[in-house]
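Trainee: Structure provided below as structure tokens; questions to follow.
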Amino acid sequence: MVLAFKNETFRDDFTFSNSPAAIRRFPFPFVEDKYMYSVNIEPHELGPKGSVYEFPIDIDEHYVSEMRDRALVLDADPGRCQALPHMITAQWDMLELLMTSMARDYPEHFSLTRDGNQWHWINRPLGIDHKFTFGDVATLPYQPMEYIGRQCQGDFSIQDQRDGQLWMDAGIITTQADWSLDFDVGMNFFEWHAPVPLAHQAGVFDRALKFLLNMQHGRPVRRLNWTMTINSRLDTSPENYHKWGIDRTTVTPENVGDKVHLRVELQALWRLPRSNAILFSIRCYMIKMRELATVPKWGRRLPRVLRTLPDEIADYKGLTRYRQTTIDWLSKYDDGAPTSLGGGPD
Amino acid sequence: MTASFLRTVRVAEVEPVASRIKRFRLVSADSQPLSEFSGGSHVTVCMKAPDRLIRNPYSLMGSPSDTSSYQISVLKVEGSRGGSEFMHERVEVGTELEISEPLNLFPPAKIARKHILVAGGIGITPFMSMMGELEALGADFELHYGVRSLGDGAFCKLLEARYGKRIHVYLQDQGQLIPLERVLANQPLGSHMYVCGPKPMIDWALRTATLAGWPDENIHSEQFNAPPIGKPFVVKLTKSKREVRVGGHQSILEALEQNGIDAPFLCRGGACGQCETSVAACDGFIEHNDHYLSDAEKASGKKIMICMSRISGDAITLDL
């Protein structure tokens with residue numbers, strides 16, 4: 001598949017938008033008319049052609065512009081990419097997983113030739129043609145995680161496994177929904193999830209951790225998470241809260257359709273073979289309310305979900321200030337008809 | 001997620017490496033190359049014995065950086081359930097076997113300042129790949145390896161040639177024992193100890209380290225027991241409303257599988273926790289043989305790890 005990459009921005013003038021095809025493939029996360037936390041983990045198996053699950057690593061029309069935005073974030077704040085020294089093997093594991101997936105599934109755009117440890121990587125959309133020695137950091141311009149992370153959509157964290165725990169000991173995080181790698185690096189699974197409301201009491205994290213510790217190589221899993229973002233800003237980090245927090249006060253009945261975005265994270269987890277670490281990818285998809293409402297089922301369902309969302313979750317996700325305005329705007333698309341189970345369009 | 005993926009491999013080489021120990025070299029016999037793995041990993045080998053299916057975990061012994069083949073070593077245990085006997089008597093060059101993908105329940109702690117490896121007999125196997133990984137990372141380690149005699153010590157010479165002074169071999173028939181108290185004294189802060197071997201040795205090493213003041217987080221062990229044998233009993237299942245008889249040489253998990261009942265499992269050694277099952281009732285006493293449940297959970301009688309544990313009594317009712 002040859003992708004036509006858009007030239008758009010995720011800051012300042014916010015020219016981001018989705019093509020009709022991108023809207024149809026949006027991973028709408030609500031399978032029914034309400035939402036509550038659950039251990040919603042399923043095998044990360046290949047999905048229907050054209051869907052975001054078609055390949056393990058999804059590259060789409062926003063690729064080139066997203067990579068440009070990532071470079072801007074990293075230049076301004078190198079702390080968004082950090083790895084503790086013992087994670088170097090895991091970094092190489094990650095580079096191998098991403099390069100082999102991208103070259104296999106998007107041969108028009110990427111290619112990888114391997115002769116033992118001598119690797120030749122070509123990234124046509126970004127104009128990169130590079131020969132390097134796998135395992136030798138000196139042959140790359142960055143450490144392996146940063147090198148491939150600057151060329152792949154989605155944030156990535158790598159968890160070391162020890163003492164029956166997972167430890168977030170590396171990551172490249174520039175498109176986050178208000179959490180900080182700099183704050184979380186070195187924390188364990190319970191520590192970095194500590195701010196999440198309700199789920200701890202429900203035992204969600206105990207069960208999820210037990211499941212993850214036994215994850216096997218070759219059997220990745222995935223889940224969807226979601227929040228909402230004002231303007232198409234990828235970098236909603238705590239570090240830059242002063243730049244975007246105030247945007248939440250700018251939503252009016254007139255601008256909901258263009259300003260309010262549903263932000264969905266396709267989160268996948270892979271056991272890495274050489275390091276026994278776990279790679280966590282957080283692939284962010286955004287859709288404007290105006291775009292979302294073009295799919296009748298989603299236009300009906302989203303106001304119902306937002307209306308019944310527990311206040312603690314709305315607060316945690318930062319929706320409180322503009323939740324009602326958004327529900328009011330969306331309600332004209334909800335004719336009260338029943339919706340089918342599952343998240344996809346009818 | 002219940003069963004694990006199976007791969008087909010072919011035995012490329014069988015080599016007796018010590019008395020009662022054979023090493024098997026396995027190469028891929030399906031379309032995929034063998035997976036990379038990390039130091040301390042094992043695979044589960046499926047053995048189709050005439051009367052039943054046996055699945056035993058064996059540590060991968062080769063270098064993690066070499067995936068042209070996997071190597072496992074098997075100690076022949078007389079009077080056991082038959083897995084090691086099957087490998088010794090029925091498996092030869094050319095035999096095809098099914099194995100799981102590698103799983104690591106015994107990884108080295110990558111943040112350790114120093115690694116103290118303590119092996120007894122066949123317990124050397126997980127350390128073979130672990131030392132390969134530590135060496136490649138330039139990590140500080142030493143091995144203390146106790147064997148009955150030089151004839152029983154697989155790989156003594158090879159290890160000494162490869163790692164030199166970092167290898168310490170103790171021959172029981174020469175009256176040599178691992179001086180663990182002395183080994184553990186005065187190690188740098190941040191050292192980790194790993195022990196693998198027979199159960200009494202593991203218990204002794206863990207106790208010795210604890211008494212020497214080592215924190216629990218810095219002490220690691222791995223032990224692959226076959227499910228202990230016992231008397232037959234009956235398992236009643238609440239969800240599928242069936243009754244299954246567990247033979248004296250069978251585990252509950254094996255009996256369920258023989259009867260076509262799907263139950264979760266992964267390591268089959270009582271370590272990973274995947275097969276944890278709720279007990280609705282028990283007419284008898286549960287013999288807990290796992291390393292997963294806490295003492296309090298074992299005492300409660302409400303949970304059982306069906307890959308390893310059984311009961312002495314007539315029947316147990318499980319939420320399956």
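Please note that chains go A, B, ... in the order of the structure tokens, that every chain numbers its residues from 1, and that ligands are numbered from 1 in the order shown.
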Mind running chain A against chain B at 8 Å and telling me each contacting residue's nearest atom pair with the distance in Å (one decimal), counting only C-alpha atoms, chain and number ascending, as a Markdown table?
Mentor:
| residue | atom | partner | partner_atom | distance |
| --- | --- | --- | --- | --- |
| A:His86 | CA | B:Lys110 | CA | 5.8 |
| A:Arg162 | CA | B:Ala109 | CA | 6.1 |
| A:Asp163 | CA | B:Glu217 | CA | 6.1 |
| A:Lys210 | CA | B:Gly273 | CA | 7.9 |
| A:Asn214 | CA | B:Cys272 | CA | 6.8 |
| A:Gln216 | CA | B:Leu103 | CA | 6.4 |
| A:His217 | CA | B:Glu101 | CA | 7.1 |
| A:Pro273 | CA | B:Phe37 | CA | 4.8 |
| A:Arg274 | CA | B:Ser38 | CA | 4.5 |
| A:Ser275 | CA | B:Ser38 | CA | 5.7 |
| A:Asn276 | CA | B:Ser38 | CA | 5.9 |
Trainee: Would you output that residue set with C-alpha atoms, as a compact mmCIF listing (two decimals), in the first residue's frame?
Mentor:
# COMPACT_ATOMS: atom_id res chain seq x y z
CA HIS A 86 20.86 -1.80 31.68
CA ARG A 162 12.60 -8.24 37.83
CA ASP A 163 11.38 -9.14 41.33
CA LYS A 210 0.17 -11.02 36.62
CA ASN A 214 3.85 -14.23 31.86
CA GLN A 216 5.43 -14.82 25.78
CA HIS A 217 7.60 -13.82 22.87
CA PRO A 273 13.36 -11.86 23.09
CA ARG A 274 16.98 -11.04 24.00
CA SER A 275 16.31 -8.80 26.99
CA ASN A 276 13.16 -10.42 28.41
Trainee: At a cut-off of 9 Å, using only C-alpha atoms, what residues contact Asp311 in chain A? Leave out same-chain residues fewer than 4 positions from it and give the result as a PyMOL selection string.
Mentor: chain A and resi 315-316+320
Trainee: Of the residues A:Gly154, A:Gly344, A:Pro303, A:Pro296, which is the one nearest to Pro48 in chain A, using only C-alpha atoms?
Mentor: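 Result for the nearest residue to Pro48 in chain A: A:Gly344.
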Trainee: I need the residues in range 54-231 of chain A that are helix (DSSP H, G or I) according to DSSP; give them as number ranges by chain.
Mentor: A: 63-76, 78-80, 85-105, 137-139, 144-149, 181-184, 189-192, 204-213
Trainee: Tell me, as number ranges by chain, which residues lie within 10 Å of range 236-241 of chain A, counting only C-alpha atoms; anything in the same chain fewer than 3 positions away does not count.
Mentor: A: 77, 80, 173-183, 229-230, 232-233, 244-247
Trainee: Fewer than 2 positions away in the same chain doesn't count, so skip those; otherwise give me all residues within 8 Å of Leu112 in chain A, counting only C-alpha atoms, as a compact mmCIF listing (two decimals) with N, CA, C and O atoms, in the first residue's frame.
Mentor:
# COMPACT_ATOMS: atom_id res chain seq x y z
N MET A 99 11.92 -2.27 12.88
CA MET A 99 12.44 -2.27 11.51
C MET A 99 11.92 -3.46 10.71
O MET A 99 11.52 -3.31 9.55
N THR A 100 11.90 -4.64 11.31
CA THR A 100 11.44 -5.81 10.55
C THR A 100 9.96 -5.69 10.23
O THR A 100 9.52 -6.04 9.13
N ALA A 103 9.48 -2.79 7.48
CA ALA A 103 9.99 -3.18 6.15
C ALA A 103 9.13 -4.28 5.53
O ALA A 103 8.88 -4.28 4.33
N PHE A 110 9.73 1.41 3.31
CA PHE A 110 10.88 1.05 4.16
C PHE A 110 11.51 -0.23 3.64
O PHE A 110 10.80 -1.12 3.17
N ARG A 114 19.63 -7.46 5.85
CA ARG A 114 20.49 -7.92 6.95
C ARG A 114 21.49 -8.94 6.44
O ARG A 114 21.13 -9.91 5.79
N TRP A 119 23.56 -4.28 8.91
CA TRP A 119 22.17 -3.97 8.52
C TRP A 119 22.16 -2.73 7.64
O TRP A 119 22.95 -1.80 7.83
N HIS A 120 21.23 -2.75 6.68
CA HIS A 120 21.04 -1.61 5.78
C HIS A 120 19.57 -1.21 5.83
O HIS A 120 18.69 -1.97 5.42
N TRP A 121 19.31 -0.02 6.32
CA TRP A 121 17.94 0.46 6.55
C TRP A 121 17.66 1.63 5.64
O TRP A 121 18.44 2.58 5.59
N ILE A 122 16.55 1.54 4.93
CA ILE A 122 16.14 2.67 4.09
C ILE A 122 14.74 3.10 4.50
O ILE A 122 13.81 2.27 4.54
Trainee: Take CA of Tyr170 in chain B and CA of Tyr58 in chain B and report the distance between them in Å, one decimal.
Mentor: 23.7 Å
